[in-house]
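Heads up, entry28.csv below (CSV, C-alpha atoms):
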```csv
chain,number,residue,atom,x,y,z
A,128,MET,CA,93.7,82.9,112.1
A,129,MET,CA,93.1,79.8,110.0
A,130,ARG,CA,93.1,80.3,106.3
A,131,PRO,CA,89.7,79.9,104.5
A,132,SER,CA,91.4,77.2,102.3
A,133,LYS,CA,92.1,75.1,105.3
A,134,ILE,CA,88.5,74.9,106.6
A,135,LEU,CA,87.2,71.4,105.8
A,136,THR,CA,83.8,71.2,104.2
A,137,LEU,CA,82.0,68.4,102.4
A,138,SER,CA,82.6,70.2,99.0
A,139,SER,CA,86.3,70.5,99.7
A,140,LEU,CA,86.6,66.9,100.7
A,141,LEU,CA,84.8,65.8,97.5
A,142,LEU,CA,87.0,68.0,95.4
A,143,ALA,CA,90.1,66.5,97.0
A,144,PHE,CA,89.0,63.0,96.1
A,145,ALA,CA,88.0,64.1,92.6
A,146,SER,CA,91.3,65.9,92.0
A,147,PRO,CA,94.1,63.8,93.3
A,148,THR,CA,96.7,66.1,91.7
A,149,THR,CA,95.7,69.1,93.8
A,150,ALA,CA,98.5,69.9,96.2
A,151,ALA,CA,98.0,70.1,99.9
A,152,ARG,CA,99.2,73.2,101.6
A,153,THR,CA,102.5,73.0,103.4
A,154,ASP,CA,103.3,76.2,105.3
A,155,THR,CA,106.9,75.1,105.8
A,156,LEU,CA,110.1,77.1,106.0
A,157,ASP,CA,111.9,75.1,103.3
A,158,LYS,CA,109.7,76.3,100.3
A,159,PRO,CA,111.4,78.2,97.5
A,160,ILE,CA,110.6,81.9,97.6
A,161,TYR,CA,110.6,84.1,94.5
A,162,LEU,CA,111.7,87.7,95.0
A,163,VAL,CA,110.4,89.8,92.1
A,164,HIS,CA,111.6,93.4,91.7
A,165,GLY,CA,109.7,96.1,90.1
A,166,HIS,CA,110.0,98.6,87.2
A,167,ALA,CA,113.3,100.2,86.4
A,168,ALA,CA,113.5,103.1,83.8
A,169,GLY,CA,116.9,102.0,82.6
A,170,ALA,CA,115.9,98.3,82.4
A,171,ALA,CA,118.5,97.5,85.1
A,172,THR,CA,118.0,96.4,88.7
A,173,ASP,CA,120.6,95.2,91.2
A,174,CYS,CA,119.1,92.2,93.0
A,175,ALA,CA,121.4,93.1,96.0
A,176,MET,CA,118.3,95.1,96.9
A,177,TRP,CA,117.0,91.9,98.5
A,178,LYS,CA,120.1,91.5,100.8
A,179,THR,CA,118.3,92.7,104.0
A,180,LEU,CA,115.3,90.5,103.3
A,181,ARG,CA,117.4,87.4,102.6
A,182,GLU,CA,119.5,87.9,105.8
A,183,ALA,CA,116.3,88.4,107.9
A,184,PHE,CA,114.4,85.5,106.5
A,185,THR,CA,117.4,83.2,107.0
A,186,ALA,CA,117.9,84.4,110.6
A,187,TRP,CA,114.2,83.7,111.3
A,188,GLY,CA,114.5,80.1,110.1
A,189,ASN,CA,113.9,80.0,106.4
A,190,THR,CA,115.9,77.2,104.8
A,191,GLY,CA,114.5,77.2,101.3
A,192,PRO,CA,116.1,78.8,98.2
A,193,LEU,CA,115.5,82.5,97.8
A,194,LYS,CA,115.1,83.1,94.0
A,195,THR,CA,116.1,86.7,93.1
A,196,VAL,CA,114.4,87.2,89.7
A,197,ALA,CA,116.0,88.9,86.7
A,198,PHE,CA,114.0,89.9,83.6
A,199,TYR,CA,115.7,93.1,82.3
A,200,HIS,CA,118.8,93.0,80.1
A,201,GLY,CA,120.7,95.1,82.7
A,202,ASP,CA,119.7,93.1,85.8
A,203,LYS,CA,122.7,92.0,87.9
A,204,HIS,CA,123.4,89.9,91.0
A,205,CYS,CA,120.2,87.9,90.5
A,206,ASN,CA,120.2,84.1,90.7
A,207,THR,CA,117.2,83.3,88.5
A,208,ASN,CA,116.7,84.7,85.0
A,209,ILE,CA,113.1,84.2,83.9
A,210,ALA,CA,113.8,85.7,80.5
A,211,VAL,CA,114.8,82.3,79.2
A,212,SER,CA,111.7,80.6,80.4
A,213,GLY,CA,108.8,79.6,78.2
A,214,SER,CA,108.7,78.9,74.5
A,215,HIS,CA,107.7,82.4,73.3
A,216,ALA,CA,104.3,81.5,72.0
A,217,LYS,CA,103.3,83.2,68.7
A,218,ARG,CA,101.3,86.0,70.4
A,219,HIS,CA,104.1,86.9,72.7
A,220,ARG,CA,106.7,86.9,69.9
A,221,ALA,CA,104.6,89.2,67.8
A,222,THR,CA,103.8,91.8,70.5
A,223,VAL,CA,107.1,92.2,72.2
A,224,ARG,CA,109.7,92.0,69.5
A,225,ALA,CA,110.7,95.6,70.0
A,226,ALA,CA,110.9,95.2,73.8
A,227,HIS,CA,113.9,92.9,73.8
A,228,ALA,CA,117.6,93.7,74.0
A,229,HIS,CA,120.7,91.6,74.5
A,230,GLY,CA,118.6,88.5,74.9
A,231,SER,CA,116.4,89.9,77.6
A,232,HIS,CA,113.8,92.7,78.1
A,233,THR,CA,113.6,96.5,78.0
A,234,SER,CA,111.2,98.6,80.1
A,235,ASP,CA,108.9,98.5,77.1
A,236,ALA,CA,108.1,94.8,77.6
A,237,PRO,CA,104.4,94.4,78.4
A,238,ILE,CA,103.7,93.3,82.0
A,239,ALA,CA,101.7,90.4,80.6
A,240,HIS,CA,104.8,89.1,78.7
A,241,LEU,CA,107.0,89.3,81.8
A,242,ALA,CA,104.2,87.5,83.7
A,243,TYR,CA,104.3,84.8,81.0
A,244,HIS,CA,108.0,84.2,81.6
A,245,LEU,CA,107.6,84.2,85.4
A,246,ALA,CA,104.7,81.7,85.2
A,247,TRP,CA,106.8,79.3,83.0
A,248,ASN,CA,109.8,79.6,85.3
A,249,ILE,CA,107.8,78.7,88.3
A,250,TYR,CA,106.1,75.8,86.5
A,251,ASP,CA,109.2,74.3,84.9
A,252,ARG,CA,111.3,74.5,88.0
A,253,TYR,CA,108.8,73.6,90.7
A,254,SER,CA,105.0,73.2,89.9
A,255,LYS,CA,105.4,70.4,87.4
A,256,ARG,CA,107.4,68.6,90.1
A,257,GLY,CA,104.7,69.0,92.7
A,258,GLN,CA,106.7,71.7,94.7
A,259,ALA,CA,104.8,74.7,95.9
A,260,VAL,CA,106.5,78.2,96.1
A,261,ASP,CA,105.9,81.5,97.8
A,262,VAL,CA,106.4,84.9,96.2
A,263,VAL,CA,107.4,88.3,97.6
A,264,ALA,CA,107.0,91.0,94.9
A,265,HIS,CA,107.8,94.7,95.0
A,266,SER,CA,106.0,97.4,93.0
A,267,MET,CA,105.4,96.2,89.3
A,268,GLY,CA,106.5,92.7,90.4
A,269,GLY,CA,103.2,92.4,92.3
A,270,LEU,CA,101.3,92.9,89.0
A,271,MET,CA,103.5,90.4,87.3
A,272,ILE,CA,102.8,87.6,89.7
A,273,ARG,CA,99.1,88.6,89.9
A,274,TYR,CA,98.8,88.3,86.1
A,275,ALA,CA,100.8,85.1,86.0
A,276,VAL,CA,98.6,83.3,88.5
A,277,ALA,CA,95.4,84.6,87.0
A,278,ALA,CA,96.3,83.9,83.4
A,279,THR,CA,97.3,80.3,84.4
A,280,GLN,CA,94.1,79.9,86.3
A,281,ARG,CA,92.1,81.1,83.3
A,282,HIS,CA,93.9,78.6,81.0
A,283,GLU,CA,95.2,81.3,78.6
A,284,PHE,CA,96.6,79.2,75.8
A,285,ASP,CA,100.3,80.3,76.1
A,286,PHE,CA,100.5,80.0,79.9
A,287,PRO,CA,101.4,76.8,81.9
A,288,PRO,CA,98.7,74.2,82.7
A,289,TYR,CA,98.8,75.1,86.4
A,290,LEU,CA,100.9,76.8,89.1
A,291,LEU,CA,101.5,75.8,92.7
A,292,VAL,CA,101.9,79.2,94.4
A,293,GLU,CA,100.8,79.1,98.1
A,294,ASP,CA,101.4,82.6,99.3
A,295,VAL,CA,102.1,86.0,97.7
A,296,VAL,CA,103.1,89.2,99.4
A,297,THR,CA,103.0,92.4,97.4
A,298,MET,CA,104.9,95.5,98.6
A,299,GLY,CA,103.9,98.8,97.2
A,300,ALA,CA,102.3,97.2,94.1
A,301,PRO,CA,100.2,99.6,92.0
A,302,HIS,CA,97.0,97.5,92.1
A,303,GLY,CA,95.1,100.7,91.6
A,304,GLY,CA,97.8,102.4,89.6
A,305,LEU,CA,100.7,104.7,90.2
A,306,ARG,CA,100.4,108.0,92.1
A,307,GLY,CA,101.6,109.8,89.0
A,308,PHE,CA,103.8,109.3,86.0
A,309,ILE,CA,107.5,108.7,86.8
A,310,PRO,CA,109.4,111.8,85.7
A,311,ASP,CA,111.3,111.3,82.4
A,312,ASP,CA,109.9,107.8,82.1
A,313,ILE,CA,107.4,107.2,79.3
A,314,SER,CA,108.0,103.5,78.9
A,315,ALA,CA,105.2,101.1,78.1
A,316,GLU,CA,105.3,99.6,81.6
A,317,VAL,CA,104.7,103.0,83.2
A,318,THR,CA,101.8,103.5,80.8
A,319,GLU,CA,100.3,100.1,81.8
A,320,MET,CA,100.5,101.1,85.5
A,321,ALA,CA,98.6,104.4,85.1
A,322,PRO,CA,95.3,104.5,87.0
A,323,GLY,CA,92.5,103.2,84.8
A,324,SER,CA,94.8,101.6,82.2
A,325,LYS,CA,93.6,98.6,80.1
A,326,LEU,CA,95.9,96.3,82.1
A,327,LEU,CA,94.6,97.4,85.5
A,328,ARG,CA,91.0,97.2,84.4
A,329,GLY,CA,91.6,93.7,83.1
A,330,LEU,CA,93.2,92.7,86.4
A,331,GLN,CA,90.3,93.9,88.4
A,332,ARG,CA,87.9,92.1,86.1
A,333,ASN,CA,89.8,88.8,85.6
A,334,ALA,CA,92.3,88.7,88.5
A,335,TRP,CA,90.3,89.8,91.5
A,336,ASN,CA,91.7,87.0,93.7
A,337,PRO,CA,93.7,84.7,91.5
A,338,GLN,CA,94.3,81.2,92.8
A,339,GLY,CA,97.0,78.6,92.0
A,340,ARG,CA,96.2,74.9,92.2
A,341,GLY,CA,95.6,74.2,95.9
A,342,GLY,CA,94.9,77.8,96.7
A,343,THR,CA,96.9,81.1,97.0
A,344,ASP,CA,96.8,83.4,100.0
A,345,TRP,CA,97.4,87.1,99.2
A,346,LEU,CA,98.8,89.9,101.4
A,347,THR,CA,98.8,93.4,99.8
A,348,MET,CA,100.9,96.0,101.6
A,349,GLY,CA,100.9,99.8,101.2
A,350,SER,CA,102.2,102.9,103.0
A,351,ALA,CA,100.9,106.4,103.4
A,352,ALA,CA,104.5,107.6,103.0
A,353,ASP,CA,105.0,106.0,99.6
A,354,ASP,CA,105.3,108.8,97.1
A,355,THR,CA,105.1,106.5,94.1
A,356,VAL,CA,102.1,104.3,94.9
A,357,THR,CA,99.4,105.5,97.3
A,358,ALA,CA,98.5,103.4,100.3
A,359,ASP,CA,95.0,102.6,99.0
A,360,SER,CA,96.4,101.5,95.6
A,361,ALA,CA,99.0,99.2,97.1
A,362,ALA,CA,96.9,97.8,99.9
A,363,ALA,CA,94.1,97.3,97.4
A,364,THR,CA,91.4,98.9,99.4
A,365,ALA,CA,89.5,102.2,99.4
A,366,ARG,CA,91.2,105.3,101.0
A,367,ASP,CA,88.7,105.4,103.9
A,368,ARG,CA,88.9,101.6,104.2
A,369,THR,CA,85.3,101.2,103.1
A,370,PRO,CA,84.9,98.9,101.2
A,371,VAL,CA,87.8,96.8,102.4
A,372,ASN,CA,88.2,95.4,98.8
A,373,ARG,CA,88.5,97.8,96.0
A,374,TYR,CA,91.3,97.0,93.6
A,375,MET,CA,91.9,93.4,94.5
A,376,GLY,CA,90.2,90.9,96.8
A,377,SER,CA,93.3,90.0,98.8
A,378,ALA,CA,92.5,88.2,102.1
A,379,HIS,CA,95.1,90.2,104.1
A,380,LYS,CA,95.8,94.0,103.8
A,381,VAL,CA,98.3,96.2,105.6
A,382,TRP,CA,98.3,100.0,105.4
A,383,TYR,CA,101.3,101.6,107.2
A,384,THR,CA,100.6,105.0,108.5
A,385,ALA,CA,102.7,108.1,107.5
A,386,VAL,CA,104.5,108.2,110.9
A,387,ASP,CA,106.3,105.0,109.9
A,388,GLU,CA,107.9,106.7,107.0
A,389,ILE,CA,108.0,103.7,104.7
A,390,GLY,CA,108.8,105.0,101.2
A,391,HIS,CA,108.5,103.1,98.0
A,392,GLY,CA,112.0,101.7,98.3
A,393,ASP,CA,111.8,100.9,102.0
A,394,TYR,CA,109.5,97.9,102.2
A,395,TYR,CA,112.2,95.4,101.6
A,396,LEU,CA,114.6,97.2,103.9
A,397,ARG,CA,112.4,97.8,107.0
A,398,ASP,CA,112.8,95.2,109.7
A,399,SER,CA,112.4,95.2,113.5
A,400,PRO,CA,112.5,92.3,115.9
A,401,LEU,CA,109.8,94.0,117.9
A,402,PRO,CA,106.2,95.0,116.9
A,403,THR,CA,106.7,98.7,116.8
A,404,ALA,CA,105.1,100.0,113.6
A,405,SER,CA,101.6,101.4,113.4
A,406,ALA,CA,99.3,100.2,110.6
A,407,PHE,CA,95.7,99.6,109.6
A,408,GLU,CA,95.4,95.9,109.2
A,409,ARG,CA,92.8,93.5,107.9
A,410,LEU,CA,92.9,89.8,108.6
A,411,ALA,CA,91.0,87.4,106.5
A,412,GLY,CA,87.4,88.1,106.9
A,413,GLY,CA,87.9,90.5,109.7
A,414,PRO,CA,87.6,94.3,110.1
A,415,PHE,CA,90.2,96.9,109.0
A,416,VAL,CA,91.5,98.3,112.3
A,417,LEU,CA,94.4,100.4,113.5
A,418,SER,CA,97.1,98.5,115.2
A,419,ARG,CA,99.8,100.3,117.1
A,420,ALA,CA,101.7,97.0,117.6
A,421,ALA,CA,102.1,96.1,114.0
A,422,LEU,CA,105.2,94.4,112.5
A,423,TRP,CA,107.5,96.1,110.1
A,424,PRO,CA,107.3,95.0,106.4
A,425,LEU,CA,109.9,92.2,106.4
A,426,ARG,CA,108.7,90.5,109.5
A,427,ARG,CA,105.1,90.9,108.3
A,428,ALA,CA,105.9,89.3,105.0
A,429,PHE,CA,107.8,86.4,106.7
A,430,GLU,CA,104.9,85.7,109.1
A,431,SER,CA,102.4,85.8,106.3
A,432,LEU,CA,104.4,83.3,104.2
A,433,ARG,CA,105.0,81.1,107.2
A,434,SER,CA,101.5,80.9,108.6
A,435,GLY,CA,99.1,82.9,106.5
A,436,ALA,CA,98.5,85.2,109.4
A,437,THR,CA,99.3,88.9,109.2
```

As structure tokens, please, write out the structure in this file.
Amino acid sequence: MMRPSKILTLSSLLLAFASPTTAARTDTLDKPIYLVHGHAAGAATDCAMWKTLREAFTAWGNTGPLKTVAFYHGDKHCNTNIAVSGSHAKRHRATVRAAHAHGSHTSDAPIAHLAYHLAWNIYDRYSKRGQAVDVVAHSMGGLMIRYAVAATQRHEFDFPPYLLVEDVVTMGAPHGGLRGFIPDDISAEVTEMAPGSKLLRGLQRNAWNPQGRGGTDWLTMGSAADDTVTADSAAATARDRTPVNRYMGSAHKVWYTAVDEIGHGDYYLRDSPLPTASAFERLAGGPFVLSRAALWPLRRAFESLRSGAT
């Protein structure tokens, strides 16, 4: 299905002539793809978690760089450290001083601050050079990119002037909050991801469908077998699928059924060359229907980035 941003109207044509710096959509296989991991209680994640995804995307024809993102002080095997991005504007220095360790971040770093670093890394490396990127984000990483795009779009004073982010896929992101508190983890990030938190209320109010320059297409993915983030929270829709938008106005939504047994840490591992999963799916502007020939998460993410179709 064609993306809404590709439908030519008089207003869009006038906007294109009035704003010559607005990037045209590309939908190519050579774009950089940011891979953003989620929360870790010990402030340490191994970016080898993305190995299956990287191998699958490459096998399917992706030729662009796959940017595995580090932001914790204990992150390893990542090729992109966003903690050194940005100039640490006054507000960020003042609010996160205690959330730094060894030149990077602890799990008490506010999600907004991590989003600030992510936004500046994307801008400095790609956006200011006119290069669009795609993003695949797991769990809290989905909130980071959502905040980054929204704050930039709203021209918050310490964020970049614009971002060129064409497509975002979030996997198990707590758009509606976590299922419950993570045992033995009372970090600031977990508190921010609690249902009804100040951060989540702000995202629903100010980041309902955040758009980078040239447009951003969102796919939110959830699973009924996820014991950390409920399917409705991650897919960003109501539990009974009415209304189809509840926590975020993403154009595409996938809700894997319990029979598929996709747990919180399985999204970036589950791949099949054949359409064998079963999921409730909503295409842009279409109904939320049960599909018994759905794609597994990795192939679903790849197809969304490649064409905007789920």

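One distance worth recording is that between atom CA of A:Arg433 and atom CA of A:Leu156, which is 6.6 Å.
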
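Minimum atom-to-atom distances from A:Ala226, A:Leu346, A:Ala321, A:Leu270 to A:Ser434 were compared using only C-alpha atoms, and the lowest value belongs to A:Leu346.
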
Nearest residue to A:Gly165 from the set A:Ala363, A:Ile249, A:Ile238, A:Met267 (distances using only C-alpha atoms): A:Met267

Shell around stretch 324-330 of chain A at 10 Å using only C-alpha atoms, local window under 4 positions removed, as a PyMOL selection string: chain A and resi 237-239+270+273-274+277-278+301-304+316+318-320+334-337+374-375

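Distances here use all atoms listed in the file; by that measure, the residue among A:Val163, A:Ala361, A:Met348, A:Leu425 closest to A:Ala406 is A:Met348.
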
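The smallest atom-to-atom distance between A:Ala428 and any of A:Asp261, A:Asp202, A:Asp173, A:Asp353, using all atoms listed in the file, is found for A:Asp261.
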
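A search radius of 12 Å centred on (100.1, 75.8, 79.5), applied to all atoms listed in the file, returns the residues Gly213, Ser214, His215, Ala216, Tyr243, His244, Ala246, Trp247, Asn248, Tyr250, Asp251, Ser254, Lys255, Ala275, Val276, Ala278, Thr279, Gln280, Arg281, His282, Glu283, Phe284, Asp285, Phe286, Pro287, Pro288, Tyr289 and Leu290 of chain A.
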
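Nearest to A:Cys205 of all the residues A:Pro402, A:Cys174, A:Leu193, A:Thr185 is A:Cys174, based on all atoms listed in the file.
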
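Distance annotation: of A:Val371, A:Ile209, A:Val356, A:Leu432, the residue with the minimal separation from A:Arg306 is A:Val356; atom set is only C-alpha atoms.
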
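If you look at atom CA of A:Met271 and atom CA of A:His240, they are 8.8 Å away from each other.
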